[in-house]
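Engineer: Have a peek at my_file-v4.txt (compact mmCIF, C-alpha atoms).
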```txt
# COMPACT_ATOMS: atom_id res chain seq x y z
CA MET E 1 -157.95 17.21 -83.86
CA ASN E 2 -157.97 14.79 -80.92
CA ASN E 3 -155.12 12.33 -80.70
CA PHE E 4 -155.28 9.00 -78.92
CA SER E 5 -152.34 7.71 -76.92
CA PHE E 6 -151.03 4.77 -74.93
CA CYS E 7 -147.92 4.69 -72.75
CA PHE E 8 -145.88 1.75 -71.58
CA LYS E 9 -142.41 0.81 -70.48
CA SER E 10 -140.20 -2.04 -71.56
CA TYR E 11 -136.75 -2.81 -70.09
CA GLY E 12 -137.13 0.48 -68.20
CA VAL E 13 -137.73 2.61 -71.30
CA GLY E 14 -140.95 4.66 -71.18
CA ILE E 15 -142.62 5.03 -74.58
CA LYS E 16 -145.67 7.00 -75.66
CA ILE E 17 -147.47 5.95 -78.83
CA GLU E 18 -149.90 8.48 -80.26
CA SER E 19 -152.18 8.51 -83.28
CA ASN E 20 -155.03 10.51 -84.71
CA SER E 21 -156.90 7.25 -85.26
CA SER E 22 -157.93 5.00 -82.37
CA GLU E 23 -157.87 1.96 -84.70
CA VAL E 24 -154.32 2.72 -85.83
CA LEU E 25 -153.28 3.29 -82.22
CA ASP E 26 -154.61 -0.18 -81.32
CA LEU E 27 -152.66 -1.73 -84.18
CA ALA E 28 -149.51 0.17 -83.21
CA VAL E 29 -149.73 -0.83 -79.55
CA LYS E 30 -150.23 -4.48 -80.50
CA ALA E 31 -147.28 -4.28 -82.92
CA ALA E 32 -145.06 -2.72 -80.25
CA GLN E 33 -146.06 -5.27 -77.62
CA ARG E 34 -145.45 -8.10 -80.08
CA ALA E 35 -142.06 -6.61 -81.03
CA LEU E 36 -141.07 -6.59 -77.37
CA LEU E 37 -142.47 -10.08 -76.69
CA GLU E 38 -145.16 -8.59 -74.40
CA ARG E 39 -142.45 -7.49 -71.94
CA THR E 40 -144.32 -4.25 -71.46
CA ALA E 41 -146.27 -2.59 -68.66
CA GLU E 42 -148.64 0.35 -68.94
CA ILE E 43 -147.36 3.56 -67.32
CA SER E 44 -148.47 7.13 -66.91
CA CYS E 45 -147.61 9.16 -70.00
CA ALA E 46 -145.77 11.61 -67.74
CA ASP E 47 -143.08 8.92 -67.39
CA ALA E 48 -142.69 8.26 -71.11
CA MET E 49 -139.56 9.95 -72.44
CA GLN E 50 -139.70 8.40 -75.93
CA HIS E 51 -142.43 9.23 -78.39
CA PHE E 52 -143.89 7.66 -81.52
CA GLN E 53 -146.63 9.36 -83.49
CA ILE E 54 -148.46 7.63 -86.30
CA LEU E 55 -150.40 10.29 -88.11
CA GLY E 56 -152.33 10.05 -91.34
CA GLY E 57 -155.29 11.08 -93.36
CA PRO E 58 -158.37 9.63 -95.07
CA ASP E 59 -156.25 8.41 -98.03
CA GLY E 60 -154.86 5.69 -95.75
CA VAL E 61 -151.30 7.02 -95.92
CA TYR E 62 -149.62 7.37 -92.55
CA SER E 63 -146.32 8.74 -91.27
CA ILE E 64 -144.29 7.47 -88.34
CA PHE E 65 -142.57 10.17 -86.31
CA GLN E 66 -139.99 9.18 -83.72
CA ASN E 67 -139.37 11.92 -81.20
CA GLY E 68 -140.64 14.42 -83.76
CA LYS E 69 -138.54 13.14 -86.66
CA GLU E 70 -140.39 11.70 -89.64
CA MET E 71 -139.14 8.16 -90.21
CA VAL E 72 -141.40 6.94 -93.02
CA THR E 73 -144.64 7.65 -94.88
CA ASP E 74 -146.62 4.86 -96.52
CA LYS E 75 -149.84 2.89 -96.54
CA LEU E 76 -150.59 0.70 -93.54
CA ASN E 77 -149.33 -2.52 -95.05
CA LEU E 78 -147.27 -5.40 -93.72
CA ARG E 79 -143.92 -3.79 -94.34
CA PHE E 80 -145.05 -0.58 -92.66
CA TRP E 81 -145.72 -2.52 -89.46
CA LYS E 82 -142.56 -4.59 -89.77
CA TYR E 83 -140.60 -1.39 -90.02
CA PHE E 84 -142.40 -0.01 -86.97
CA ASP E 85 -141.54 -3.25 -85.11
CA SER E 86 -137.92 -2.67 -85.95
CA LEU E 87 -137.99 0.96 -84.80
CA VAL E 88 -139.54 0.01 -81.46
CA ARG E 89 -137.01 -2.73 -80.75
CA ILE E 90 -134.04 -0.55 -81.72
CA LEU E 91 -135.33 2.30 -79.56
CA VAL E 92 -135.64 0.10 -76.49
CA ALA E 93 -132.27 -1.52 -77.14
CA GLU E 94 -130.61 1.86 -77.48
CA PHE E 95 -132.13 3.57 -74.47
CA THR E 96 -132.45 0.82 -71.86
CA LYS E 97 -130.21 1.23 -68.85
CA GLU E 98 -131.24 -2.07 -67.24
CA VAL E 99 -129.52 -4.39 -69.70
CA VAL E 100 -127.13 -4.27 -72.64
CA ILE E 101 -128.53 -5.52 -75.92
CA VAL E 102 -126.20 -6.88 -78.57
CA HIS E 103 -127.14 -7.84 -82.11
CA ALA E 104 -126.45 -11.57 -81.78
CA GLY E 105 -128.04 -15.00 -81.87
CA VAL E 106 -127.94 -17.05 -78.67
CA VAL E 107 -128.51 -20.67 -77.72
CA GLY E 108 -128.01 -22.47 -74.43
CA TRP E 109 -125.82 -25.56 -74.31
CA HIS E 110 -125.29 -27.47 -71.06
CA GLY E 111 -126.26 -24.43 -69.01
CA LYS E 112 -124.03 -21.95 -70.81
CA ALA E 113 -124.69 -19.62 -73.68
CA ILE E 114 -123.21 -19.78 -77.15
CA VAL E 115 -123.41 -16.22 -78.44
CA VAL E 116 -123.04 -15.51 -82.16
CA PRO E 117 -122.73 -11.77 -82.85
CA GLY E 118 -123.29 -10.50 -86.36
CA ASP E 119 -125.12 -8.05 -88.59
CA SER E 120 -128.08 -9.00 -90.72
CA PHE E 121 -127.50 -11.34 -93.67
CA PHE E 122 -124.58 -13.02 -91.92
CA GLY E 123 -126.59 -16.23 -91.60
CA LYS E 124 -127.12 -15.99 -87.84
CA THR E 125 -130.68 -17.27 -87.79
CA THR E 126 -129.89 -20.22 -90.06
CA LEU E 127 -127.07 -21.23 -87.74
CA ILE E 128 -129.16 -20.73 -84.60
CA ALA E 129 -131.90 -22.94 -86.10
CA GLU E 130 -129.34 -25.70 -86.70
CA PHE E 131 -128.01 -25.44 -83.15
CA ILE E 132 -131.59 -25.90 -81.95
CA ARG E 133 -132.14 -28.90 -84.22
CA ALA E 134 -128.99 -30.38 -82.68
CA GLY E 135 -130.47 -30.06 -79.20
CA ALA E 136 -129.51 -26.59 -77.97
CA GLU E 137 -132.01 -24.39 -76.13
CA TYR E 138 -133.25 -21.31 -77.92
CA TYR E 139 -132.56 -17.87 -76.44
CA SER E 140 -132.59 -15.42 -79.35
CA ASP E 141 -131.98 -15.08 -83.06
CA GLU E 142 -131.47 -11.33 -82.98
CA TYR E 143 -130.87 -9.79 -79.57
CA ALA E 144 -128.58 -11.06 -76.87
CA VAL E 145 -129.86 -9.44 -73.67
CA PHE E 146 -127.09 -9.18 -71.06
CA ASP E 147 -127.77 -8.20 -67.46
CA GLU E 148 -125.23 -6.30 -65.38
CA SER E 149 -123.48 -9.49 -64.28
CA GLY E 150 -123.01 -10.50 -67.93
CA LYS E 151 -125.59 -13.31 -67.94
CA VAL E 152 -127.76 -13.73 -71.04
CA HIS E 153 -131.54 -13.61 -70.82
CA PRO E 154 -133.91 -15.05 -73.42
CA PHE E 155 -135.41 -12.86 -76.12
CA GLU E 156 -137.23 -15.70 -77.78
CA ARG E 157 -139.09 -14.20 -80.70
CA PRO E 158 -140.00 -16.64 -83.50
CA LEU E 159 -137.05 -17.32 -85.79
CA ALA E 160 -137.00 -14.82 -88.67
CA MET E 161 -135.77 -16.97 -91.54
CA ARG E 162 -134.80 -15.39 -94.85
CA SER E 163 -135.08 -17.36 -98.06
CA ASP E 164 -132.22 -17.77 -100.51
CA GLY E 165 -134.40 -17.63 -103.62
CA PRO E 166 -134.48 -14.94 -106.30
CA GLU E 167 -136.55 -12.79 -103.95
CA VAL E 168 -135.46 -12.65 -100.34
CA VAL E 169 -138.54 -13.23 -98.22
CA GLU E 170 -138.64 -13.20 -94.44
CA THR E 171 -140.83 -15.78 -92.77
CA THR E 172 -141.20 -16.53 -89.10
CA THR E 173 -140.81 -20.02 -87.71
CA ASP E 174 -142.07 -21.02 -84.32
CA ILE E 175 -139.43 -22.76 -82.29
CA ASN E 176 -141.75 -25.72 -81.66
CA GLU E 177 -141.98 -26.35 -85.41
CA ILE E 178 -138.33 -27.36 -85.48
CA GLY E 179 -138.60 -29.39 -82.30
CA GLY E 180 -136.82 -26.83 -80.17
CA ARG E 181 -137.30 -25.63 -76.64
CA VAL E 182 -136.82 -22.19 -75.19
CA GLY E 183 -134.31 -21.49 -72.44
CA ARG E 184 -135.95 -19.72 -69.51
CA ASN E 185 -133.13 -18.94 -67.08
CA PRO E 186 -130.36 -16.37 -67.39
CA ILE E 187 -127.10 -18.16 -68.14
CA PRO E 188 -123.42 -17.18 -68.30
CA VAL E 189 -121.63 -17.01 -71.63
CA GLY E 190 -119.64 -20.15 -72.37
CA VAL E 191 -118.61 -19.39 -75.94
CA LEU E 192 -118.55 -16.30 -78.09
CA LEU E 193 -118.45 -17.35 -81.73
CA PHE E 194 -117.51 -14.96 -84.51
CA THR E 195 -118.42 -16.55 -87.80
CA ARG E 196 -119.88 -15.79 -91.17
CA TYR E 197 -121.11 -17.82 -94.07
CA ILE E 198 -118.53 -18.25 -96.84
CA PRO E 199 -119.53 -20.89 -99.41
CA GLU E 200 -117.26 -23.94 -99.45
CA SER E 201 -114.99 -22.52 -96.76
CA GLU E 202 -113.15 -24.81 -94.37
CA VAL E 203 -113.73 -24.68 -90.64
CA ASN E 204 -110.69 -23.17 -89.00
CA TYR E 205 -111.16 -22.42 -85.29
CA GLN E 206 -108.97 -19.63 -83.97
CA PHE E 207 -109.01 -18.49 -80.37
CA LEU E 208 -109.16 -14.81 -79.53
CA SER E 209 -108.46 -13.06 -76.27
CA ARG E 210 -111.34 -11.73 -74.17
CA GLY E 211 -110.23 -8.17 -74.74
CA GLU E 212 -110.22 -8.67 -78.49
CA ALA E 213 -113.68 -10.18 -78.18
CA VAL E 214 -115.04 -7.09 -76.46
CA VAL E 215 -113.52 -4.84 -79.13
CA ARG E 216 -115.05 -6.99 -81.87
CA ILE E 217 -118.49 -7.14 -80.27
CA ILE E 218 -118.61 -3.36 -79.92
CA GLY E 219 -119.76 -3.30 -83.55
CA GLN E 220 -122.98 -5.08 -82.59
CA THR E 221 -123.56 -3.43 -79.21
CA ILE E 222 -126.54 -1.17 -79.67
CA PRO E 223 -126.19 1.21 -76.66
CA ILE E 224 -122.40 1.53 -76.92
CA ARG E 225 -122.42 5.23 -77.68
CA ARG E 226 -125.35 6.20 -75.49
CA ASN E 227 -124.34 4.23 -72.39
CA SER E 228 -120.68 3.42 -73.00
CA GLU E 229 -119.46 2.88 -69.46
CA PHE E 230 -122.22 0.46 -68.51
CA ALA E 231 -121.97 -1.37 -71.84
CA ILE E 232 -118.20 -1.91 -71.54
CA LYS E 233 -118.54 -3.14 -67.97
CA VAL E 234 -121.30 -5.58 -68.91
CA LEU E 235 -119.40 -6.89 -71.95
CA LYS E 236 -116.33 -7.43 -69.79
CA ASN E 237 -118.44 -9.41 -67.31
CA ALA E 238 -120.06 -11.35 -70.13
CA VAL E 239 -116.78 -12.62 -71.56
CA SER E 240 -115.06 -13.16 -68.21
CA SER E 241 -115.39 -16.94 -68.27
CA ALA E 242 -116.01 -17.49 -71.97
CA ILE E 243 -113.84 -18.91 -74.67
CA ILE E 244 -113.73 -16.86 -77.83
CA VAL E 245 -113.59 -18.55 -81.19
CA LYS E 246 -113.67 -17.35 -84.77
CA SER E 247 -114.09 -19.39 -87.90
CA SER E 248 -115.69 -19.12 -91.30
CA ARG E 249 -118.41 -21.63 -92.05
CA SER E 250 -120.11 -23.14 -95.04
CA GLU E 251 -123.21 -25.29 -94.51
CA ALA E 252 -124.95 -24.43 -91.25
CA ARG E 253 -126.10 -27.95 -90.30
CA GLU E 254 -122.68 -29.54 -90.58
CA PHE E 255 -120.99 -26.60 -88.90
CA ALA E 256 -123.47 -26.50 -85.99
CA ARG E 257 -123.04 -30.18 -85.15
CA GLY E 258 -119.27 -30.00 -85.48
CA PHE E 259 -119.13 -26.88 -83.36
CA LEU E 260 -121.18 -28.40 -80.54
CA GLU E 261 -118.79 -31.35 -80.52
CA PHE E 262 -115.89 -28.93 -80.41
CA VAL E 263 -117.52 -27.14 -77.46
CA ASP E 264 -118.08 -30.44 -75.67
CA ASN E 265 -114.40 -31.25 -76.10
CA THR E 266 -113.25 -27.83 -74.91
CA ALA E 267 -113.58 -27.00 -71.23
CA ILE E 268 -116.05 -24.12 -70.94
CA MET M 1 -85.06 9.83 -81.21
CA ASN M 2 -85.34 11.28 -77.75
CA ASN M 3 -85.40 8.77 -74.93
CA SER M 4 -85.59 11.54 -72.39
CA GLN M 5 -89.22 12.15 -73.30
CA TYR M 6 -91.66 11.65 -70.43
CA PRO M 7 -94.97 10.46 -71.87
CA LEU M 8 -98.13 10.94 -69.86
CA ALA M 9 -101.10 8.60 -70.22
CA ARG M 10 -104.40 10.25 -70.98
CA LYS M 11 -107.00 9.84 -68.23
CA SER M 12 -109.96 12.02 -69.14
CA GLY M 13 -112.72 10.93 -71.48
CA LEU M 14 -111.79 7.27 -71.21
CA VAL M 15 -113.57 4.24 -69.79
CA VAL M 16 -110.95 1.77 -68.62
CA GLN M 17 -111.59 -1.85 -67.68
CA GLU M 18 -108.81 -4.12 -66.48
CA MET M 19 -108.90 -7.70 -67.68
CA PRO M 20 -106.47 -10.52 -66.98
CA ASP M 21 -103.40 -9.73 -69.14
CA GLU M 22 -105.22 -6.98 -71.06
CA VAL M 23 -106.70 -3.54 -70.63
CA LEU M 24 -109.83 -2.37 -72.38
CA VAL M 25 -110.11 1.32 -73.13
CA TYR M 26 -113.14 3.05 -74.59
CA ASP M 27 -112.53 6.59 -75.84
CA LEU M 28 -115.67 8.64 -75.21
CA ASN M 29 -114.48 11.39 -77.56
CA SER M 30 -113.83 9.25 -80.62
CA ASN M 31 -116.14 6.34 -79.66
CA LYS M 32 -113.27 4.01 -80.32
CA ALA M 33 -112.59 0.85 -78.33
CA HIS M 34 -109.04 -0.38 -77.77
CA CYS M 35 -107.66 -3.59 -76.38
CA LEU M 36 -104.11 -3.23 -75.08
CA ASN M 37 -102.25 -6.48 -74.71
CA GLU M 38 -100.10 -7.05 -71.63
CA THR M 39 -97.02 -5.29 -73.00
CA ALA M 40 -98.89 -2.28 -74.35
CA ALA M 41 -100.84 -2.03 -71.08
CA LYS M 42 -97.66 -2.18 -69.01
CA VAL M 43 -96.10 0.65 -71.01
CA TRP M 44 -99.30 2.72 -70.84
CA LYS M 45 -99.45 2.34 -67.08
CA SER M 46 -95.83 3.48 -66.87
CA CYS M 47 -96.64 6.73 -68.69
CA ASP M 48 -96.90 8.88 -65.57
CA GLY M 49 -95.11 11.95 -66.93
CA ARG M 50 -92.14 11.31 -64.61
CA THR M 51 -90.71 8.11 -66.09
CA SER M 52 -88.53 8.41 -69.17
CA ILE M 53 -88.66 5.94 -72.03
CA ASP M 54 -85.16 4.75 -71.03
CA GLU M 55 -86.48 3.96 -67.56
CA MET M 56 -89.50 2.16 -68.96
CA ALA M 57 -87.26 0.04 -71.19
CA ALA M 58 -85.19 -0.93 -68.15
CA VAL M 59 -88.29 -2.49 -66.60
CA PHE M 60 -88.41 -5.00 -69.43
CA GLY M 61 -84.76 -5.98 -69.03
CA LYS M 62 -81.95 -5.98 -71.56
CA GLY M 63 -82.04 -6.61 -75.29
CA SER M 64 -84.24 -4.90 -77.83
CA ASN M 65 -86.61 -3.66 -75.16
CA GLU M 66 -86.17 -0.02 -75.96
CA ASP M 67 -87.71 -0.68 -79.37
CA LEU M 68 -90.48 -2.62 -77.67
CA VAL M 69 -91.37 0.36 -75.51
CA TRP M 70 -91.14 2.70 -78.47
CA LEU M 71 -93.47 0.50 -80.48
CA ALA M 72 -96.03 0.67 -77.67
CA ILE M 73 -95.57 4.43 -77.28
CA ASP M 74 -96.06 4.92 -81.02
CA GLN M 75 -99.33 3.03 -80.99
CA LEU M 76 -100.54 4.76 -77.82
CA SER M 77 -99.79 8.13 -79.36
CA GLU M 78 -101.44 7.21 -82.65
CA ASN M 79 -104.59 6.17 -80.79
CA HIS M 80 -104.67 9.37 -78.71
CA LEU M 81 -104.07 7.54 -75.45
CA LEU M 82 -101.28 9.93 -74.42
CA GLU M 83 -101.76 13.50 -73.23
CA THR M 84 -99.13 14.88 -75.56
CA GLY M 85 -97.61 13.68 -78.80
CA VAL M 86 -94.17 12.08 -78.83
CA THR M 87 -91.51 12.18 -81.51
CA SER M 88 -91.33 8.69 -82.92
CA LYS M 89 -88.10 6.77 -83.05
CA PHE M 90 -89.18 4.81 -86.12
CA LYS M 91 -89.44 7.52 -88.74
CA GLY M 92 -89.19 6.00 -92.20
CA GLN M 93 -89.64 2.43 -90.92
CA SER M 94 -92.85 0.48 -91.29
CA ARG M 95 -94.37 -1.07 -88.20
CA ARG M 96 -94.01 -4.46 -89.83
CA GLU M 97 -90.25 -3.99 -90.12
CA VAL M 98 -89.99 -2.90 -86.51
CA ILE M 99 -92.12 -5.80 -85.27
CA LYS M 100 -90.04 -8.24 -87.28
CA LYS M 101 -86.87 -6.85 -85.74
CA ILE M 102 -88.23 -6.92 -82.19
CA GLY M 103 -90.06 -10.21 -82.59
CA LEU M 104 -86.89 -12.06 -83.45
CA ALA M 105 -84.96 -10.70 -80.49
CA SER M 106 -87.55 -10.50 -77.74
CA VAL M 107 -89.19 -13.10 -75.55
CA ILE M 108 -91.73 -10.50 -74.45
CA ALA M 109 -94.94 -10.22 -76.46
CA VAL M 110 -94.87 -7.44 -79.01
CA PRO M 111 -97.19 -4.63 -77.91
CA VAL M 112 -100.45 -4.69 -79.77
CA ILE M 113 -103.43 -2.39 -79.63
CA ALA M 114 -106.55 -3.68 -81.38
CA SER M 115 -109.10 -0.98 -82.07
CA LEU M 116 -112.59 -0.53 -83.47
CA VAL M 117 -114.82 2.50 -83.87
CA ALA M 118 -118.28 2.00 -82.40
CA PRO M 119 -121.03 2.30 -84.99
CA GLN M 120 -123.30 5.32 -85.17
CA ASN M 121 -126.08 5.04 -82.55
CA ALA M 122 -128.27 2.15 -83.62
CA LEU M 123 -126.25 1.16 -86.66
CA ALA M 124 -125.43 -2.17 -85.11
CA ALA M 125 -129.10 -2.95 -84.81
CA GLN M 126 -130.00 -2.42 -88.42
CA SER M 127 -132.22 -5.23 -89.45
CA CYS M 128 -132.50 -4.35 -93.13
CA HIS M 129 -136.22 -3.69 -92.73
CA CYS M 130 -137.55 -0.93 -94.94
CA VAL M 131 -140.63 0.61 -96.44
CA ASN M 132 -139.00 2.36 -99.38
CA ASN M 133 -135.75 2.41 -101.34
CA THR M 134 -134.49 5.55 -99.63
CA GLN M 135 -134.12 3.64 -96.38
CA CYS M 136 -131.82 1.13 -98.08
CA SER M 137 -129.61 3.68 -99.78
CA SER M 138 -129.06 5.95 -96.79
CA GLY M 139 -128.82 5.82 -93.02
CA PRO M 140 -127.92 2.78 -90.95
CA ASN M 141 -128.97 0.20 -93.54
CA LEU M 142 -126.57 1.54 -96.18
CA GLY M 143 -123.79 -0.89 -96.92
CA HIS M 144 -125.09 -3.47 -94.46
CA CYS M 145 -127.86 -5.16 -96.38
CA ALA M 146 -128.06 -7.37 -99.43
CA ALA M 147 -129.26 -4.60 -101.75
CA THR M 148 -130.14 -0.92 -101.88
CA THR M 149 -133.71 -1.51 -103.00
CA CYS M 150 -136.62 -2.30 -100.71
CA ASN M 151 -138.35 -5.47 -101.88
CA GLY M 152 -141.98 -6.50 -101.49
CA SER M 153 -141.22 -8.21 -98.21
CA GLY M 154 -139.96 -5.00 -96.67
CA LEU M 155 -136.29 -5.97 -96.82
CA CYS M 156 -133.32 -4.22 -98.41
CA ALA M 157 -132.67 -7.30 -100.51
CA ALA M 158 -133.14 -8.77 -103.95
CA PRO M 159 -136.31 -7.38 -105.62
```
Represent the structure contained in this file as structure tokens.

Structural biologist:
Amino acid sequence: MNNFSFCFKSYGVGIKIESNSSEVLDLAVKAAQRALLERTAEISCADAMQHFQILGGPDGVYSIFQNGKEMVTDKLNLRFWKYFDSLVRILVAEFTKEVVIVHAGVVGWHGKAIVVPGDSFFGKTTLIAEFIRAGAEYYSDEYAVFDESGKVHPFERPLAMRSDGPEVVETTTDINEIGGRVGRNPIPVGVLLFTRYIPESEVNYQFLSRGEAVVRIIGQTIPIRRNSEFAIKVLKNAVSSAIIVKSSRSEAREFARGFLEFVDNTAI
Amino acid sequence: MNNSQYPLARKSGLVVQEMPDEVLVYDLNSNKAHCLNETAAKVWKSCDGRTSIDEMAAVFGKGSNEDLVWLAIDQLSENHLLETGVTSKFKGQSRREVIKKIGLASVIAVPVIASLVAPQNALAAQSCHCVNNTQCSSGPNLGHCAATTCNGSGLCAAP
């Protein structure tokens, strides 16, 4: 059986996508390009070291293989493609040697970045949205992209908001819909904020040292095991002129506005 | 207790980054990151295999500084940042008790090593996306999402 393929690179990572259906290949390539915000360029497949295969049959059930390992088998529905999106982004974040990608939300404030590291369901996106409503520039709600000097670059995908209702649903919100603007230039980190949503908690800012900050952020640093030396160096550069704060938070809107005031009153 | 021990700092398999007043150490064998505060870093740098613990304590001046050095050595040893193990001075005493004793007598910061194990490969990136329940109850999503079932929106969250 003939397979169809397309190869591209993103952040220096060469990826081959292959399928036994040309239509599925088209969908997969579009999904991958969308996942990487079109920061992709076609390359020769000889230069692609990472490999996705999406193989299926006439029953409409397909399997995703990543470097030969079966990741999932299902019908080609929305969640299948969302999962593929996630796999593509994680792969690039893990294997890139050009930048260090950290699971964190980022906004720009007076030319410096406020970086909020955290796992999923910590309320990062909700807080980032409130920073934007308060006038901050949008950089990312998921991935903080640090270059070698420690500056943060935008990864401005639409905000992925999750509802609080009986069923958690993820919807995307364009930044323009909440009156925000996207930051375009790489900026140094001004503040690293460790926070999580705790209902009815009081704000209690505590300062941490830069070394402690790097140790804490290791938990969200995707290539830390694969490219440890580079990652540690970049994280050190990233925090070199930042202040590091931790606090619990309750309502995002109130916290965001209070925090920006706090930042304005603290030399960064 | 044996103050004539000559601890030697481990060099291989470590990524070391100096920061103002701190040293960052990433252990490539255990994938553990450590932040040594100024006192712990100073002791670690003194562990050259030729300097005794008595001599190290002298660097910090008089008082309870021997305990201070021992506290650092204990933590360095525990975190595998020394080439060989050392016999601890504080057998039977909790670290809290030792810190309390030193903290009251010393003007020098108590040595502290903060550590964290790096997550498995892409664990940090888990986004709680899924296609089936298995992906929520195993692998990187396990224990990091709101639920162990995959809901209709493709999230390990409430059904």

Engineer: Take CA of Gly190 in chain E and CA of Ser248 in chain E and report the distance between them in Å, one decimal.

Structural biologist: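 Atom-to-atom, CA of Gly190 in chain E to CA of Ser248 in chain E, that is 19.4 Å.
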
Engineer: Mind dumping a table of every chain M residue within 10 Å of chain E, with the nearest atom pair and its distance in Å to one decimal, using all atoms listed in the file, sorted by chain and rising number, as CSV?

Structural biologist:
```
residue,atom,partner,partner_atom,distance
M:Leu14,CA,E:Glu229,CA,9.0
M:Val15,CA,E:Glu229,CA,6.1
M:Val16,CA,E:Glu229,CA,8.6
M:Gln17,CA,E:Lys233,CA,7.1
M:Glu18,CA,E:Lys236,CA,8.9
M:Met19,CA,E:Gly211,CA,7.2
M:Pro20,CA,E:Arg210,CA,8.8
M:Asp21,CA,E:Gly211,CA,9.0
M:Glu22,CA,E:Gly211,CA,6.3
M:Val23,CA,E:Gly211,CA,7.1
M:Leu24,CA,E:Gly211,CA,6.3
M:Val25,CA,E:Ile232,CA,8.9
M:Tyr26,CA,E:Ile232,CA,7.7
M:Asp27,CA,E:Ser228,CA,9.2
M:Leu28,CA,E:Ser228,CA,7.6
M:Ser30,CA,E:Arg225,CA,9.9
M:Asn31,CA,E:Arg225,CA,6.7
M:Lys32,CA,E:Val215,CA,8.9
M:Ala33,CA,E:Val215,CA,5.8
M:His34,CA,E:Val215,CA,6.5
M:Cys35,CA,E:Gly211,CA,5.5
M:Leu36,CA,E:Gly211,CA,7.9
M:Asn37,CA,E:Gly211,CA,8.2
M:Ile113,CA,E:Glu212,CA,9.3
M:Ala114,CA,E:Glu212,CA,6.8
M:Ser115,CA,E:Val215,CA,6.6
M:Leu116,CA,E:Val215,CA,6.2
M:Val117,CA,E:Gly219,CA,7.6
M:Ala118,CA,E:Gly219,CA,5.6
M:Pro119,CA,E:Gly219,CA,5.9
M:Gln120,CA,E:Arg225,CA,7.5
M:Asn121,CA,E:Arg225,CA,6.1
M:Ala122,CA,E:Ile222,CA,5.4
M:Leu123,CA,E:Ile222,CA,7.4
M:Ala124,CA,E:Gln220,CA,4.6
M:Ala125,CA,E:His103,CA,5.9
M:Gln126,CA,E:Ser120,CA,7.2
M:Ser127,CA,E:Ser120,CA,5.7
M:Cys128,CA,E:Ser120,CA,6.9
M:His129,CA,E:Tyr83,CA,5.6
M:Cys130,CA,E:Tyr83,CA,5.8
M:Val131,CA,E:Arg79,CA,5.9
M:Asn132,CA,E:Val72,CA,8.2
M:Thr134,CA,E:Val72,CA,9.7
M:Gln135,CA,E:Val72,CA,8.7
M:Asn141,CA,E:Ser120,CA,9.7
M:His144,CA,E:Ser120,CA,7.3
M:Cys145,CA,E:Phe121,CA,6.8
M:Ala146,CA,E:Phe121,CA,7.0
M:Cys150,CA,E:Arg79,CA,9.8
M:Asn151,CA,E:Glu167,CA,7.8
M:Gly152,CA,E:Arg79,CA,7.9
M:Ser153,CA,E:Val169,CA,5.7
M:Gly154,CA,E:Arg79,CA,4.8
M:Leu155,CA,E:Val168,CA,7.6
M:Cys156,CA,E:Val168,CA,8.9
M:Ala157,CA,E:Val168,CA,6.0
M:Ala158,CA,E:Glu167,CA,5.3
M:Pro159,CA,E:Glu167,CA,5.7
```

Engineer: CA of Leu81 in chain M and CA of Thr96 in chain E are how many Å apart?

Structural biologist: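 That distance, rounded to one decimal, is 29.4 Å.
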
Engineer: Quick one: residues within 10 Å of (-152.5, 7.0, -92.1) (file frame), counting only C-alpha atoms, please, as number ranges by chain.

Structural biologist: E: 19-21, 24, 54-64, 73-76

Engineer: What does the structure give for the distance between CA of Tyr11 in chain E and CA of Val100 in chain E, in Å to one decimal?

Structural biologist: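 Separation between CA of Tyr11 in chain E and CA of Val100 in chain E: 10.1 Å.
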
Engineer: Of the candidates E:Phe52, E:Phe8, E:Phe131, E:Phe95, which shows the shortest atom-to-atom distance to Ala113 in chain E, using all atoms listed in the file?

Structural biologist: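 Result for the nearest residue to Ala113 in chain E: E:Phe131.
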
Engineer: For range 130-160 of chain E against range 37-50 of chain E, with a cut-off of 9 Å and counting all atoms listed in the file, what is the closest atom pair and its distance in Å to one decimal for every residue that makes the cut, ordered by chain and number, as JSON lines?

Structural biologist:
```
{"residue": "E:Phe155", "atom": "CA", "partner": "E:Leu37", "partner_atom": "CA", "distance": 7.6}
{"residue": "E:Glu156", "atom": "CA", "partner": "E:Leu37", "partner_atom": "CA", "distance": 7.8}
{"residue": "E:Arg157", "atom": "CA", "partner": "E:Leu37", "partner_atom": "CA", "distance": 6.7}
```

Engineer: Would you output that residue set with C-alpha atoms, as a PDB file, in the frame of the given file?

Structural biologist:
```pdb
ATOM      1  CA  PHE E 155    -135.410 -12.860 -76.120  1.00  0.00           C
ATOM      2  CA  GLU E 156    -137.230 -15.700 -77.780  1.00  0.00           C
ATOM      3  CA  ARG E 157    -139.090 -14.200 -80.700  1.00  0.00           C
TER       4      ARG E 157
END
```

Engineer: May I have the residues within 10 Å of range 7-12 of chain M as a ChimeraX atom specification, using only C-alpha atoms and disregarding those fewer than 5 positions away in the same chain?

Structural biologist: /M:27-29,43-53,73,76-77,80-86

Engineer: Return the single residue from E:Leu192, E:Pro154, E:Gly183, E:Asp174 that is closest to Leu235 in chain E, with distances computed using only C-alpha atoms.

Structural biologist: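 Of E:Leu192, E:Pro154, E:Gly183, E:Asp174, the one nearest Leu235 in chain E is E:Leu192, counting only C-alpha atoms.
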